[in-house]
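Since the structure comes first, as structure tokens, the remarks are kept for the end.
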There are 2 protein chains.
Amino acid sequence: MSPDNENKTTRDRLLKVAETLFAQRGYHAVSVREITTAANCNLAAVNYHFGNKKNLYLDVFRLRWMVRARRVHDSFTQHLAKHDGASPTEIIQALAEAFIKGPLADDERFYHAQLMMREMAKPTEAFEMVADEILRPFFRNLAKLLQPYLPEEIDEQRVNLNMLSIISMVIYFNFARVPVSLFTGCTYDEAFKERLIQHIVNFALTGLNVREKEKSL
Amino acid sequence: MSPDNENKTTRDRLLKVAETLFAQRGYHAVSVREITTAANCNLAAVNYHFGNKKNLYLDVFRLRWMVRARRVHDSFTQHLAKHDGASPTEIIQALAEAFIKGPLADDERFYHAQLMMREMAKPTEAFEMVADEILRPFFRNLAKLLQPYLPEEIDEQRVNLNMLSIISMVIYFNFARVPVSLFTGCTYDEAFKERLIQHIVNFALTGLNVREKEKSL
DNA sequence: GTCTATAGCAGGATAGAC
DNA sequence: GTCTATCCTGCTATAGAC
């Protein structure tokens, strides 16, 4: 159990602060000095606890990002477990909810997405680690869940692209808050997030539904 | 006018090299020394031509990113001009092609997307500039094009979310090449890009089309 | 317009007292 | 486990010769 208590060990405070700062501004834009100041401890603490800056970064992924990703994934599967043999709607809704609302605090989720986007843009060791432990298993699981509902003659490649399209929306609406708010004029409050989830479910299931009867909002 | 000639002015070489490096690794991860070395000129050249590092970054957006974005947008509209009163399929196909294939060289397009993603994550002055000059007009144009084909009772908010979903796919498949390649096993060759475009068109128009007759590939 | 040289500073890391 | 003090590297930016 390690929630947001303010007086954990120096080590935990460092991990937490480092994650936030790395997510907001990236590895190089953040100095060890800034991290230790924000964590209210001494400059030397990073080297004492993590050896060096780079290893602190990797531990942020190991000890925070991956733990959180598992929480999200668990929330997703538990939500599905209730509806045995879940429908595509339920699957996608569970997915969108796990990511857009899910078990994470609001800022937490944003930082989480930011860190991943940075790794997607310029992968480091952290990406390989996360890909092996989290991304690949999650992706396969999702594909397996949805496959039965897809047209029979669909090939594996198209299943993959469909998965990625859903994921692209989920990630984009989490990550690209600035342009999303810019174009919609909405801030990320609960009502808007609910709306996003419904939109993703609707869009993923029926697309733009051009010229045809519209699915319920 | 200004293609990839190798012996342009120092100023142009600096802009070009800076764009590539900033895109790949971000503002802080790249030093002026590295830029000037790669541009085969002297360390002091950046300060002479651009005043300082930050202004070089802004000029990369002003003089390269925005120019290129206009080329992409022109390619999109010209493609549509051929089919007067273009159908939704043609609109989305033109959009996906402009971004995934379009008038840009392969690496160029990737850097272009990377730079934008970095600004989305942590906007600087460059984002405001680009949002005013490019993003907003483009977005409005796209919405106006598709609006006639959407269900009549649809509200503006939903139109916006639909736009953003299409854009999210286009951006994601351009930007997140690492995870996309990881999950599909495909590299970004011409065949795969063609496939991506078809997929985006198909998905955007019909969604997953669950349990219904599948649209042609 | 391009160069060398260097000022001036911030960064990561370590040694050693407590 | 935490602190202070310090080393040294690498950065941006500028001055001034050419």
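Going through the structure tokens in order, the chains are called A, B, and so on, while each chain numbers its residues from 1 and the ligands are numbered from 1 in the order shown.
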Next on the checklist: For A:Arg64, find every residue with an atom within 12 Å (counting only C-alpha atoms (C1' of nucleotides)), except residues of its own chain fewer than 3 positions away, and show them as a ChimeraX atom specification.
Outcome noted: /A:2-3,12-20,56-61,67-71,108-109,111-112,115,130
Checklist entry - What residues in chain D have any atom no more than 10 Å from chain B when counting only C-alpha atoms (C1' of nucleotides), and can you write them as an MDAnalysis selection string? => result chainID D and resid 10:14
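Shell of C:DA15 at 12 Å, with only C-alpha atoms (C1' of nucleotides) counted and residues fewer than 6 places along the chain excluded, is Ala44 of chain A; DT4, DA5, DT6 and DC7 of chain D.
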Next on the checklist: I want to know what sits within 12 Å of D:DC3, based on only C-alpha atoms (C1' of nucleotides), with residues of the same chain fewer than 4 positions away left out; could you give that as a list in words?
Outcome noted: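 The filter keeps Cys41, Asn42, Leu43, Ala44 and Ala45 of chain A; DG16, DA17 and DC18 of chain C.
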Write the residues of the selection above to a file with C-alpha atoms (C1' of nucleotides), as a short mmCIF file (atom, residue, chain, number, x, y, z; two decimals), in the first residue's frame.
data_model
loop_
_atom_site.label_atom_id
_atom_site.label_comp_id
_atom_site.auth_asym_id
_atom_site.auth_seq_id
_atom_site.Cartn_x
_atom_site.Cartn_y
_atom_site.Cartn_z
CA CYS A 41 15.72 16.19 0.60
CA ASN A 42 19.37 16.52 -0.11
CA LEU A 43 21.05 16.59 -3.48
CA ALA A 44 23.08 13.50 -2.69
CA ALA A 45 19.98 11.43 -1.94
"C1'" DG C 16 33.54 12.45 4.02
"C1'" DA C 17 31.45 14.46 8.37
"C1'" DC C 18 27.55 13.57 11.21
#
Contacts between chain B and chain A, please, where a residue of chain A counts if it comes within 6 Å (with only C-alpha atoms); show its shortest atom pair and distance in Å to one decimal, rows by chain and ascending number, as a Markdown table.
| residue | atom | partner | partner_atom | distance |
| --- | --- | --- | --- | --- |
| A:His28 | CA | B:Ala29 | CA | 5.3 |
| A:Ala29 | CA | B:His28 | CA | 5.3 |
| A:Met120 | CA | B:Ala176 | CA | 5.8 |
| A:Leu150 | CA | B:Val210 | CA | 5.8 |
| A:Ser165 | CA | B:Met169 | CA | 5.9 |
| A:Ser168 | CA | B:Met169 | CA | 5.8 |
| A:Met169 | CA | B:Ser168 | CA | 5.8 |
| A:Tyr172 | CA | B:Ser168 | CA | 5.8 |
| A:Ala176 | CA | B:Met120 | CA | 5.8 |
| A:Ala204 | CA | B:Gly207 | CA | 5.0 |
| A:Leu205 | CA | B:Gly207 | CA | 5.1 |
| A:Thr206 | CA | B:Gly207 | CA | 4.4 |
| A:Gly207 | CA | B:Gly207 | CA | 3.7 |
| A:Leu208 | CA | B:Leu205 | CA | 5.2 |
| A:Val210 | CA | B:Leu150 | CA | 5.8 |
Go ahead and write the selection's residues with N, CA and C atoms as a PDB file, in the first residue's frame.
ATOM      1  N   HIS A  28      15.664  15.113 -19.775  1.00  0.00           N
ATOM      2  CA  HIS A  28      16.762  16.075 -19.820  1.00  0.00           C
ATOM      3  C   HIS A  28      16.398  17.442 -19.273  1.00  0.00           C
ATOM      4  N   ALA A  29      15.113  17.767 -19.331  1.00  0.00           N
ATOM      5  CA  ALA A  29      14.686  19.095 -18.892  1.00  0.00           C
ATOM      6  C   ALA A  29      14.639  19.197 -17.373  1.00  0.00           C
ATOM      7  N   MET A 120       7.312   6.343 -26.306  1.00  0.00           N
ATOM      8  CA  MET A 120       6.939   5.983 -27.675  1.00  0.00           C
ATOM      9  C   MET A 120       7.731   6.818 -28.673  1.00  0.00           C
ATOM     10  N   LEU A 150     -15.553 -10.259 -34.144  1.00  0.00           N
ATOM     11  CA  LEU A 150     -15.190  -9.647 -35.417  1.00  0.00           C
ATOM     12  C   LEU A 150     -15.601 -10.567 -36.551  1.00  0.00           C
ATOM     13  N   SER A 165      -6.440   1.213 -33.312  1.00  0.00           N
ATOM     14  CA  SER A 165      -7.280   2.394 -33.510  1.00  0.00           C
ATOM     15  C   SER A 165      -8.030   2.744 -32.238  1.00  0.00           C
ATOM     16  N   SER A 168      -5.534   4.137 -29.928  1.00  0.00           N
ATOM     17  CA  SER A 168      -5.124   5.490 -30.321  1.00  0.00           C
ATOM     18  C   SER A 168      -6.087   6.523 -29.782  1.00  0.00           C
ATOM     19  N   MET A 169      -7.368   6.234 -29.817  1.00  0.00           N
ATOM     20  CA  MET A 169      -8.340   7.193 -29.288  1.00  0.00           C
ATOM     21  C   MET A 169      -8.197   7.340 -27.782  1.00  0.00           C
ATOM     22  N   TYR A 172      -4.995   9.155 -27.053  1.00  0.00           N
ATOM     23  CA  TYR A 172      -5.031  10.544 -27.523  1.00  0.00           C
ATOM     24  C   TYR A 172      -5.864  11.423 -26.605  1.00  0.00           C
ATOM     25  N   ALA A 176      -3.488  14.144 -25.209  1.00  0.00           N
ATOM     26  CA  ALA A 176      -3.489  15.399 -25.955  1.00  0.00           C
ATOM     27  C   ALA A 176      -4.546  16.342 -25.416  1.00  0.00           C
ATOM     28  N   ALA A 204     -16.048   3.678 -31.804  1.00  0.00           N
ATOM     29  CA  ALA A 204     -15.349   2.416 -32.064  1.00  0.00           C
ATOM     30  C   ALA A 204     -16.321   1.377 -32.592  1.00  0.00           C
ATOM     31  N   LEU A 205     -17.543   1.408 -32.123  1.00  0.00           N
ATOM     32  CA  LEU A 205     -18.496   0.387 -32.550  1.00  0.00           C
ATOM     33  C   LEU A 205     -19.126   0.713 -33.888  1.00  0.00           C
ATOM     34  N   THR A 206     -19.366   1.939 -34.148  1.00  0.00           N
ATOM     35  CA  THR A 206     -20.144   2.254 -35.346  1.00  0.00           C
ATOM     36  C   THR A 206     -19.502   3.268 -36.272  1.00  0.00           C
ATOM     37  N   GLY A 207     -18.381   3.806 -35.874  1.00  0.00           N
ATOM     38  CA  GLY A 207     -17.743   4.773 -36.744  1.00  0.00           C
ATOM     39  C   GLY A 207     -18.602   6.014 -36.882  1.00  0.00           C
ATOM     40  N   LEU A 208     -18.412   6.724 -37.915  1.00  0.00           N
ATOM     41  CA  LEU A 208     -19.155   7.965 -38.089  1.00  0.00           C
ATOM     42  C   LEU A 208     -20.617   7.724 -38.408  1.00  0.00           C
ATOM     43  N   VAL A 210     -22.211   7.250 -41.072  1.00  0.00           N
ATOM     44  CA  VAL A 210     -22.632   8.191 -42.096  1.00  0.00           C
ATOM     45  C   VAL A 210     -23.949   7.803 -42.743  1.00  0.00           C
TER      46      VAL A 210
END
Checklist entry - Where in stretch 43-97 of chain A does DSSP assign alpha helix (DSSP H), given as a PyMOL selection string? => result chain A and resi 45-50+53-60+66-82+88-97
